[in-house]
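Structure file coords_20.csv (CSV, C-alpha atoms and all ligand atoms) is printed below.
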```csv
chain,number,residue,atom,x,y,z
S,1,MET,CA,121.8,117.0,120.4
S,2,ALA,CA,120.5,115.0,123.4
S,3,GLU,CA,118.8,112.5,121.0
S,4,GLN,CA,121.9,112.0,118.9
S,5,HIS,CA,123.9,108.8,119.3
S,6,TYR,CA,127.7,108.8,119.6
S,7,ASP,CA,130.3,106.0,119.5
S,8,VAL,CA,132.5,107.8,122.0
S,9,ALA,CA,132.3,110.7,124.5
S,10,ILE,CA,135.5,112.3,125.6
S,11,VAL,CA,135.3,113.8,129.1
S,12,GLY,CA,138.0,116.4,129.5
S,13,CYS,CA,139.4,118.4,126.6
S,14,GLY,CA,143.0,119.0,127.7
S,15,ILE,CA,146.1,118.1,125.8
S,16,MET,CA,145.3,114.3,125.7
S,17,GLY,CA,141.5,114.4,125.7
S,18,SER,CA,141.3,116.7,122.7
S,19,ALA,CA,144.0,114.8,120.8
S,20,ILE,CA,142.1,111.5,121.5
S,21,ALA,CA,138.8,113.0,120.4
S,22,ARG,CA,140.3,114.2,117.1
S,23,ARG,CA,141.9,110.9,116.4
S,24,ALA,CA,138.6,109.0,117.2
S,25,ARG,CA,136.7,111.3,114.8
S,26,ARG,CA,139.3,111.0,112.0
S,27,SER,CA,138.9,107.2,112.4
S,28,GLY,CA,135.2,107.5,111.7
S,29,LEU,CA,133.8,107.3,115.2
S,30,ARG,CA,131.0,109.7,116.0
S,31,THR,CA,132.5,111.7,118.8
S,32,ILE,CA,131.2,114.1,121.4
S,33,ALA,CA,133.4,116.0,123.8
S,34,TRP,CA,132.8,117.7,127.1
S,35,ASP,CA,134.9,120.1,129.2
S,36,ARG,CA,134.0,122.2,132.2
S,37,LEU,CA,135.0,125.1,129.9
S,38,ILE,CA,132.7,124.7,126.9
S,39,ASP,CA,135.1,126.7,124.7
S,40,ARG,CA,137.7,124.0,125.2
S,41,ALA,CA,135.2,121.4,123.9
S,42,ARG,CA,134.2,123.6,121.0
S,43,ALA,CA,137.9,124.1,120.1
S,44,VAL,CA,138.5,120.4,119.6
S,45,GLY,CA,137.1,120.8,116.1
S,46,GLU,CA,137.3,118.5,113.1
S,47,GLY,CA,133.7,117.2,113.4
S,48,VAL,CA,133.7,116.6,117.1
S,49,ASP,CA,130.5,117.8,118.7
S,50,ALA,CA,130.8,119.9,121.9
S,51,ALA,CA,128.4,118.8,124.6
S,52,PRO,CA,126.6,121.7,126.4
S,53,GLU,CA,126.2,119.6,129.5
S,54,LEU,CA,128.1,116.7,131.0
S,55,GLN,CA,125.1,114.4,131.0
S,56,SER,CA,124.4,115.0,127.4
S,57,ALA,CA,127.9,113.6,126.6
S,58,THR,CA,128.0,110.7,128.9
S,59,GLY,CA,124.3,109.8,128.3
S,60,SER,CA,124.6,109.6,124.5
S,61,ALA,CA,127.7,107.4,123.9
S,62,GLU,CA,128.6,103.7,123.7
S,63,VAL,CA,132.0,104.5,125.3
S,64,VAL,CA,132.7,107.2,127.8
S,65,VAL,CA,136.4,108.1,128.1
S,66,THR,CA,137.6,110.1,131.2
S,67,MET,CA,140.8,112.1,130.5
S,68,LEU,CA,140.8,114.5,133.3
S,69,ALA,CA,143.7,115.8,135.4
S,70,ASP,CA,143.7,113.5,138.4
S,71,ALA,CA,141.5,111.3,140.7
S,72,ALA,CA,139.8,114.3,142.4
S,73,ALA,CA,138.7,115.7,139.0
S,74,THR,CA,137.6,112.3,137.7
S,75,LEU,CA,135.5,111.4,140.8
S,76,SER,CA,134.1,114.9,141.0
S,77,VAL,CA,132.9,114.8,137.4
S,78,MET,CA,131.7,111.1,137.2
S,79,ASP,CA,130.4,110.7,140.7
S,80,ALA,CA,129.6,114.1,142.4
S,81,HIS,CA,128.4,115.7,139.2
S,82,HIS,CA,126.5,112.5,138.0
S,83,GLY,CA,128.4,111.9,134.7
S,84,PHE,CA,128.3,108.2,135.6
S,85,ASP,CA,124.6,108.1,136.6
S,86,ALA,CA,123.7,109.5,133.1
S,87,MET,CA,125.4,106.7,131.2
S,88,LYS,CA,123.4,104.4,128.9
S,89,SER,CA,122.7,100.8,129.9
S,90,GLY,CA,125.2,98.6,128.1
S,91,SER,CA,127.8,101.3,127.7
S,92,ALA,CA,131.4,101.3,128.9
S,93,TRP,CA,133.4,103.8,131.1
S,94,VAL,CA,137.1,103.8,130.0
S,95,GLN,CA,139.2,105.6,132.6
S,96,MET,CA,142.4,106.8,130.8
S,97,ALA,CA,143.9,109.5,132.9
S,98,THR,CA,146.6,108.7,135.5
S,99,ILE,CA,144.8,108.6,138.8
S,100,GLY,CA,146.8,106.3,140.9
S,101,LEU,CA,145.9,103.1,142.9
S,102,LYS,CA,143.6,104.8,145.4
S,103,GLY,CA,141.9,106.7,142.7
S,104,ILE,CA,141.2,103.7,140.5
S,105,ILE,CA,139.8,101.8,143.6
S,106,LYS,CA,137.4,104.7,144.2
S,107,ALA,CA,136.4,104.9,140.5
S,108,ARG,CA,135.8,101.1,140.5
S,109,LEU,CA,133.6,101.5,143.5
S,110,VAL,CA,131.5,104.1,141.7
S,111,ALA,CA,131.3,101.9,138.6
S,112,SER,CA,130.2,98.9,140.7
S,113,GLN,CA,126.9,100.6,141.5
S,114,ARG,CA,125.7,99.6,138.0
S,115,SER,CA,126.2,96.1,136.7
S,116,ASP,CA,124.9,97.2,133.2
S,117,ILE,CA,128.1,99.2,132.7
S,118,VAL,CA,131.5,97.9,131.9
S,119,PHE,CA,134.4,99.6,133.6
S,120,LEU,CA,137.9,99.7,132.3
S,121,ASP,CA,141.1,100.9,133.9
S,122,ALA,CA,143.1,101.9,130.8
S,123,PRO,CA,145.7,104.6,131.2
S,124,VAL,CA,147.9,105.4,128.2
S,125,SER,CA,151.5,105.8,127.5
S,126,GLY,CA,152.4,108.3,124.8
S,127,THR,CA,151.8,112.0,124.6
S,128,LYS,CA,149.9,114.5,122.3
S,129,GLN,CA,151.4,113.6,118.9
S,130,PRO,CA,151.1,109.8,119.4
S,131,ALA,CA,147.5,110.4,120.4
S,132,GLU,CA,146.8,112.4,117.3
S,133,ASP,CA,148.5,109.7,115.2
S,134,GLY,CA,146.7,106.8,116.8
S,135,LYS,CA,150.0,105.5,118.3
S,136,LEU,CA,149.3,105.3,122.0
S,137,LEU,CA,150.2,102.3,124.1
S,138,ILE,CA,147.0,101.4,126.0
S,139,LEU,CA,147.5,99.7,129.4
S,140,ALA,CA,144.1,98.0,129.5
S,141,SER,CA,142.6,96.2,132.5
S,142,CYS,CA,139.1,95.1,133.2
S,143,ASP,CA,137.3,92.8,135.6
S,144,ARG,CA,135.3,91.2,132.7
S,145,GLN,CA,136.4,89.2,129.7
S,146,ASP,CA,133.7,90.4,127.4
S,147,VAL,CA,135.0,93.8,126.5
S,148,PRO,CA,132.4,95.5,124.3
S,149,GLU,CA,133.2,95.9,120.6
S,150,PRO,CA,132.8,99.7,120.7
S,151,VAL,CA,135.7,99.8,123.2
S,152,GLN,CA,137.8,97.6,121.0
S,153,ARG,CA,137.0,99.9,118.0
S,154,LEU,CA,138.1,102.9,120.0
S,155,PHE,CA,141.4,101.2,121.1
S,156,ARG,CA,142.1,100.3,117.5
S,157,ALA,CA,141.6,103.9,116.5
S,158,ILE,CA,143.8,105.6,119.1
S,159,GLY,CA,146.3,102.9,120.0
S,160,GLN,CA,149.2,101.3,118.3
S,161,ARG,CA,149.2,98.6,120.8
S,162,THR,CA,146.8,97.5,123.6
S,163,MET,CA,148.3,95.4,126.4
S,164,TRP,CA,145.6,93.5,128.3
S,165,LEU,CA,147.0,93.3,131.9
S,166,GLY,CA,144.3,91.6,133.9
S,167,PRO,CA,141.7,92.9,136.4
S,168,VAL,CA,141.0,96.6,137.1
S,169,GLY,CA,144.1,98.1,138.9
S,170,GLN,CA,146.7,96.4,136.8
S,171,GLY,CA,146.6,99.1,134.1
S,172,THR,CA,147.2,101.7,136.7
S,173,ARG,CA,150.0,99.7,138.3
S,174,MET,CA,151.8,99.4,135.0
S,175,LYS,CA,151.3,103.1,134.3
S,176,LEU,CA,152.9,104.0,137.7
S,177,VAL,CA,155.9,101.8,136.8
S,178,LEU,CA,156.2,103.3,133.4
S,179,ASN,CA,156.1,106.9,134.7
S,180,SER,CA,158.7,106.1,137.4
S,181,TRP,CA,160.9,105.1,134.5
S,182,LEU,CA,160.0,108.3,132.5
S,183,ALA,CA,160.7,110.5,135.6
S,184,SER,CA,164.0,108.8,136.2
S,185,ILE,CA,165.1,109.2,132.5
S,186,MET,CA,164.0,112.9,132.6
S,187,GLU,CA,166.0,113.8,135.7
S,188,ALA,CA,169.0,111.8,134.5
S,189,LEU,CA,168.9,113.7,131.2
S,190,VAL,CA,168.8,117.2,132.6
S,191,GLU,CA,171.5,116.5,135.2
S,192,THR,CA,173.7,115.0,132.5
S,193,LEU,CA,173.1,118.1,130.4
S,194,ALA,CA,174.1,120.2,133.5
S,195,VAL,CA,177.3,118.2,133.7
S,196,ALA,CA,177.9,118.9,130.0
S,197,ASP,CA,177.3,122.6,130.7
S,198,VAL,CA,179.9,122.8,133.4
S,199,LEU,CA,182.4,120.8,131.5
S,200,ASP,CA,181.8,122.8,128.4
S,201,VAL,CA,180.6,119.9,126.3
S,202,PRO,CA,178.0,120.9,123.7
S,203,HIS,CA,174.7,119.1,124.2
S,204,GLU,CA,174.4,118.2,120.5
S,205,ARG,CA,177.8,116.4,120.6
S,206,PHE,CA,176.6,114.4,123.6
S,207,ALA,CA,173.4,113.5,121.8
S,208,GLU,CA,175.5,112.5,118.7
S,209,CYS,CA,177.4,110.1,121.0
S,210,ILE,CA,174.4,108.3,122.3
S,211,GLU,CA,172.0,108.5,119.3
S,212,GLY,CA,171.4,105.1,117.7
S,213,GLY,CA,173.3,103.3,120.4
S,214,PRO,CA,172.2,101.3,123.4
S,215,LEU,CA,172.3,104.4,125.6
S,216,GLY,CA,170.3,106.6,123.2
S,217,THR,CA,166.7,106.5,124.3
S,218,PRO,CA,164.8,108.2,121.5
S,219,TRP,CA,162.5,109.9,124.0
S,220,ALA,CA,165.5,111.4,125.9
S,221,ILE,CA,167.1,112.6,122.7
S,222,ALA,CA,163.9,114.3,121.6
S,223,LYS,CA,163.6,116.0,125.0
S,224,ALA,CA,167.2,117.2,124.8
S,225,LYS,CA,166.4,118.7,121.4
S,226,LYS,CA,163.3,120.3,122.8
S,227,ILE,CA,165.4,121.9,125.7
S,228,ASP,CA,168.0,123.1,123.3
S,229,SER,CA,165.5,124.7,120.9
S,230,GLY,CA,164.0,126.6,123.8
S,231,LYS,CA,160.6,125.0,123.4
S,232,THR,CA,159.8,123.7,126.8
S,233,HIS,CA,156.8,126.1,126.8
S,234,GLU,CA,155.3,123.9,124.0
S,235,THR,CA,153.9,121.4,126.5
S,236,GLU,CA,153.4,117.8,125.6
S,237,PHE,CA,153.3,116.4,129.1
S,238,PRO,CA,152.9,119.0,131.8
S,239,LEU,CA,155.5,118.9,134.5
S,240,LYS,CA,152.7,119.2,137.2
S,241,TRP,CA,151.2,115.9,136.0
S,242,ALA,CA,154.6,114.2,135.8
S,243,ASP,CA,155.2,115.3,139.4
S,244,LYS,CA,151.7,114.0,140.3
S,245,ASP,CA,152.7,110.6,138.9
S,246,VAL,CA,155.9,110.5,141.0
S,247,HIS,CA,153.8,111.2,144.0
S,248,LEU,CA,151.3,108.5,143.0
S,249,ALA,CA,154.0,105.9,142.4
S,250,LEU,CA,155.7,106.6,145.8
S,251,GLU,CA,152.4,106.6,147.6
S,252,ALA,CA,151.5,103.2,146.1
S,253,VAL,CA,154.9,101.7,147.0
S,254,LYS,CA,154.8,103.1,150.6
S,255,GLU,CA,151.2,101.7,151.1
S,256,THR,CA,152.4,98.3,150.1
S,257,ALA,CA,155.9,98.2,151.5
S,258,HIS,CA,156.3,101.2,153.9
S,259,ASP,CA,160.0,100.7,154.6
S,260,ARG,CA,161.0,100.4,151.0
S,261,GLU,CA,163.6,103.0,150.1
S,262,LEU,CA,163.5,104.7,146.7
S,263,PRO,CA,166.1,107.5,147.3
S,264,ALA,CA,166.3,108.7,143.7
S,265,LEU,CA,162.6,108.9,143.1
S,266,GLU,CA,162.1,110.7,146.4
S,267,ALA,CA,164.7,113.2,145.5
S,268,ILE,CA,163.0,113.7,142.1
S,269,GLN,CA,159.7,114.3,143.9
S,270,LYS,CA,161.3,117.1,146.1
S,271,LEU,CA,163.0,118.7,143.1
S,272,TRP,CA,159.9,118.6,140.9
S,273,ASP,CA,157.6,119.9,143.7
S,274,ARG,CA,159.9,122.9,143.9
S,275,ALA,CA,159.9,123.3,140.1
S,276,VAL,CA,156.1,123.2,140.1
S,277,GLU,CA,156.0,125.8,143.0
S,278,SER,CA,158.2,128.1,141.0
S,279,ASN,CA,155.6,128.3,138.2
S,280,LEU,CA,157.0,125.7,135.8
S,281,GLY,CA,154.1,123.3,136.3
S,282,ASP,CA,152.3,124.1,133.1
S,283,ARG,CA,155.5,123.8,131.1
S,284,ASP,CA,156.6,120.5,129.5
S,285,VAL,CA,158.3,118.1,131.9
S,286,SER,CA,161.6,118.9,130.2
S,287,ALA,CA,161.4,122.3,131.9
S,288,VAL,CA,163.0,120.7,134.9
S,289,TYR,CA,166.2,121.6,133.1
S,290,GLU,CA,165.4,125.3,133.8
S,291,ALA,CA,164.6,124.5,137.4
S,292,LEU,CA,168.1,123.0,137.8
S,293,LYS,CA,169.6,126.3,136.4
S,294,THR,CA,167.6,128.4,138.8
S,295,PRO,CA,169.1,128.3,142.3
S,296,ALA,CA,165.9,129.6,143.9
S,297,ALA,CA,164.0,126.7,142.4
S,298,SER,CA,166.5,123.9,143.1
S,299,ALA,CA,168.3,124.9,146.3
S,300,ARG,CA,165.6,125.9,148.7
M,1,LIG,P1,145.6,118.8,130.8
M,1,LIG,O1,145.9,119.3,129.4
M,1,LIG,O2,146.0,119.6,131.9
M,1,LIG,O3,144.0,118.5,130.9
M,1,LIG,C1,143.4,118.3,132.1
M,1,LIG,C2,141.9,118.2,131.9
M,1,LIG,O4,141.3,118.0,133.2
M,1,LIG,C3,141.3,119.4,131.3
M,1,LIG,O5,140.2,119.0,130.5
M,1,LIG,C4,140.8,120.2,132.6
M,1,LIG,O6,139.7,121.0,132.4
M,1,LIG,C5,140.3,119.0,133.4
M,1,LIG,N1,140.2,119.3,134.8
M,1,LIG,C6,141.1,119.6,135.7
M,1,LIG,N2,140.6,119.7,136.9
M,1,LIG,C7,139.3,119.5,136.8
M,1,LIG,C8,138.2,119.6,137.7
M,1,LIG,N3,138.4,119.8,139.0
M,1,LIG,N4,136.9,119.3,137.2
M,1,LIG,C9,136.7,119.1,135.9
M,1,LIG,N5,137.7,119.0,135.0
M,1,LIG,C10,139.0,119.3,135.4
M,1,LIG,O7,146.2,117.4,131.0
M,1,LIG,P2,146.6,116.2,130.0
M,1,LIG,O8,148.0,116.3,129.6
M,1,LIG,O9,145.5,116.1,129.0
M,1,LIG,O10,146.5,114.9,131.0
M,1,LIG,C11,145.3,114.4,131.4
M,1,LIG,C12,145.6,113.1,132.2
M,1,LIG,O11,146.3,112.2,131.4
M,1,LIG,C13,146.5,113.4,133.4
M,1,LIG,O12,146.1,112.4,134.4
M,1,LIG,C14,147.9,113.0,132.9
M,1,LIG,O13,148.7,112.6,133.9
M,1,LIG,C15,147.6,111.9,132.0
M,1,LIG,N6,148.5,111.7,130.8
M,1,LIG,C16,149.0,112.8,130.2
M,1,LIG,C17,149.9,112.5,129.1
M,1,LIG,C18,150.5,113.7,128.4
M,1,LIG,O14,151.5,113.4,127.7
M,1,LIG,N7,150.0,114.9,128.4
M,1,LIG,C19,150.2,111.2,128.7
M,1,LIG,C20,149.5,110.2,129.4
M,1,LIG,C21,148.7,110.4,130.4
M,1,LIG,P3,139.9,122.5,131.8
M,1,LIG,O15,140.3,122.4,130.4
M,1,LIG,O16,138.5,123.1,131.9
M,1,LIG,O17,140.9,123.1,132.7
```
Give the structure from the file, written as structure tokens.
Amino acid sequence: MAEQHYDVAIVGCGIMGSAIARRARRSGLRTIAWDRLIDRARAVGEGVDAAPELQSATGSAEVVVTMLADAAATLSVMDAHHGFDAMKSGSAWVQMATIGLKGIIKARLVASQRSDIVFLDAPVSGTKQPAEDGKLLILASCDRQDVPEPVQRLFRAIGQRTMWLGPVGQGTRMKLVLNSWLASIMEALVETLAVADVLDVPHERFAECIEGGPLGTPWAIAKAKKIDSGKTHETEFPLKWADKDVHLALEAVKETAHDRELPALEAIQKLWDRAVESNLGDRDVSAVYEALKTPAASAR
């Protein structure tokens, strides 16, 4: 396997990494996947090779995508465990997880050790199904203009749209803005459903009122349906990562403008921290509805 050549290596076979790997493969890209648990990489399936070792994945591909949980995991794998050192000359590291501003600065520092590798800060918007369907929004940023063709090919395979936002850091900034929006909609939705519960208004009638109109965000309506069908355990976007992103957004704002008040986002951070502590972290972000209904989770 070590001698084989791949178009793309996916590092991290969680919800997003495995969906991206399958989509890349279905689009004709030779794809290898690595996870610290080899069974996760083997389970990606559909023609995606599982790498027995990290370096055999990162050292055999034109494009290395990191899709790990957070900055600590990304830096541990690519720096401390030498995933980056093993990369081929002329290849590209595309960092797609949401790792925050401090995280992307550290990752860029690691990447700057080799001028023969192109580094992209390219977090994505969209969850498991959009990744499977090649419908992600890619928030791409890079310090160089000459983005290699294999990267463009990957973006065409997995993305419905790629926004080129400028130098490294800009993709992450946009992602933090987008996920502040997502968190705000999510909390607004579940509290609105709680108002409906108390006032004896059926959720589906509320959804009927807003669907198709200016207030009816399709994402919120889909999440309301997920809540009502009792499927928050079918995780698309884990609550623990949505909470991480609220922390990252607030941290980035406070570092830049320490006296800037964001009362609603700060309240969401506290509520979601408690929901994660009460074992809802691996559930879908829409499980915050359950946290609201559990006094122990919401009123501590
Ligand atoms: P996930 O399913 O929880 O997958 C996380 C991945 O990180 C797994 O491969 C996990 O490995 C790995 N990992 C965690 N800690 C690690 C460590 N210390 N060392 C090595 N590997 C480690 O999460 P996901 O939903 O795919 O999300 C991945 C990233 O994309 C997150 O930053 C998230 O915020 C972001 N994101 C998610 C979505 C979404 O809708 N799900 C959308 C856009 C962006 P194991 O499998 O071995 O545990």
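Omitting Ala73 of chain S and its sequence neighbours fewer than 3 positions away, and counting only C-alpha atoms, the residues within 12 Å are Val11, Gly12, Asp35, Arg36, Thr66, Met67, Leu68, Ala69, Asp70, Ser76, Val77, Met78, Asp79, Ala80, His81, Gly83, Gln95, Ala97, Thr98, Ile99, Gly103 and Ala107 of chain S.
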Can you work out which residues are within 9 Å of ligand LIG 1 (chain M), considering all atoms listed in the file, and then hand them over as a PyMOL selection string?
chain S and resi 11-19+34-41+66-77+96-100+123-129+131+136+175+235-238+240-245+282+284
Within 7 Å of Asp49 of chain S using all atoms listed in the file, minus same-chain residues under 3 positions, as a PyMOL selection string
chain S and resi 31-33
Hey, can you pull every residue with an atom no more than 7 Å from (144.5, 95.9, 135.8), using only C-alpha atoms, and send it as a ChimeraX atom specification?
/S:121,140-142,165-172
From the list S:Gly159, S:Gly134, S:Gly28, S:Gly90, the nearest residue to Gly47 of chain S using only C-alpha atoms is S:Gly28
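Straight-line separation from atom CA of His82 of chain S to atom CA of Glu53 of chain S: 11.1 Å.
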Tell me, as an MDAnalysis selection string, which residues lie within 12 Å of Trp219 of chain S, counting only C-alpha atoms; anything in the same chain fewer than 5 positions away does not count.
chainID S and resid 126:127 181:183 185:186 189 207 211:212 224:226 286
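Closest to Glu234 of chain S among S:Val64, S:Ala287, S:Ala111, S:Leu176 is S:Ala287, based on all atoms listed in the file.
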Looking at only C-alpha atoms, which of S:Ala43, S:Leu154, S:Leu292, S:Val177 is the one that sits closest to Val246 of chain S?
S:Val177
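Going from atom CA of Leu137 of chain S to atom CA of Ala122 of chain S covers 9.8 Å.
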Selection: 8 Å around segment 59-63 of chain S, all atoms listed in the file, excl. self and same-chain fewer than 5 positions, as an mmCIF file with C-alpha atoms, in the frame of the given file:
```
data_model
loop_
_atom_site.group_PDB
_atom_site.id
_atom_site.type_symbol
_atom_site.label_atom_id
_atom_site.label_comp_id
_atom_site.auth_asym_id
_atom_site.auth_seq_id
_atom_site.Cartn_x
_atom_site.Cartn_y
_atom_site.Cartn_z
ATOM 1 C CA ALA S 2 120.500 115.000 123.400
ATOM 2 C CA GLU S 3 118.800 112.500 121.000
ATOM 3 C CA GLN S 4 121.900 112.000 118.900
ATOM 4 C CA HIS S 5 123.900 108.800 119.300
ATOM 5 C CA TYR S 6 127.700 108.800 119.600
ATOM 6 C CA ASP S 7 130.300 106.000 119.500
ATOM 7 C CA VAL S 8 132.500 107.800 122.000
ATOM 8 C CA ALA S 9 132.300 110.700 124.500
ATOM 9 C CA ILE S 32 131.200 114.100 121.400
ATOM 10 C CA GLY S 83 128.400 111.900 134.700
ATOM 11 C CA ALA S 86 123.700 109.500 133.100
ATOM 12 C CA MET S 87 125.400 106.700 131.200
ATOM 13 C CA LYS S 88 123.400 104.400 128.900
ATOM 14 C CA GLY S 90 125.200 98.600 128.100
ATOM 15 C CA SER S 91 127.800 101.300 127.700
ATOM 16 C CA ALA S 92 131.400 101.300 128.900
ATOM 17 C CA TRP S 93 133.400 103.800 131.100
ATOM 18 C CA VAL S 94 137.100 103.800 130.000
ATOM 19 C CA PRO S 150 132.800 99.700 120.700
ATOM 20 C CA VAL S 151 135.700 99.800 123.200
#
```
Atom CA of Ser89 of chain S and atom CA of Arg114 of chain S are how many Å apart?
8.7 Å
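Ranking S:Val110, S:Ala249, S:Ala50, S:Thr294 by their shortest atom-to-atom distance to Leu178 of chain S, with all atoms listed in the file included, puts S:Ala249 first.
Distance annotation: of S:Lys135, S:Leu199, S:Arg283, S:His258, the residue with the minimal separation from Ile227 of chain S is S:Arg283; atom set is all atoms listed in the file.
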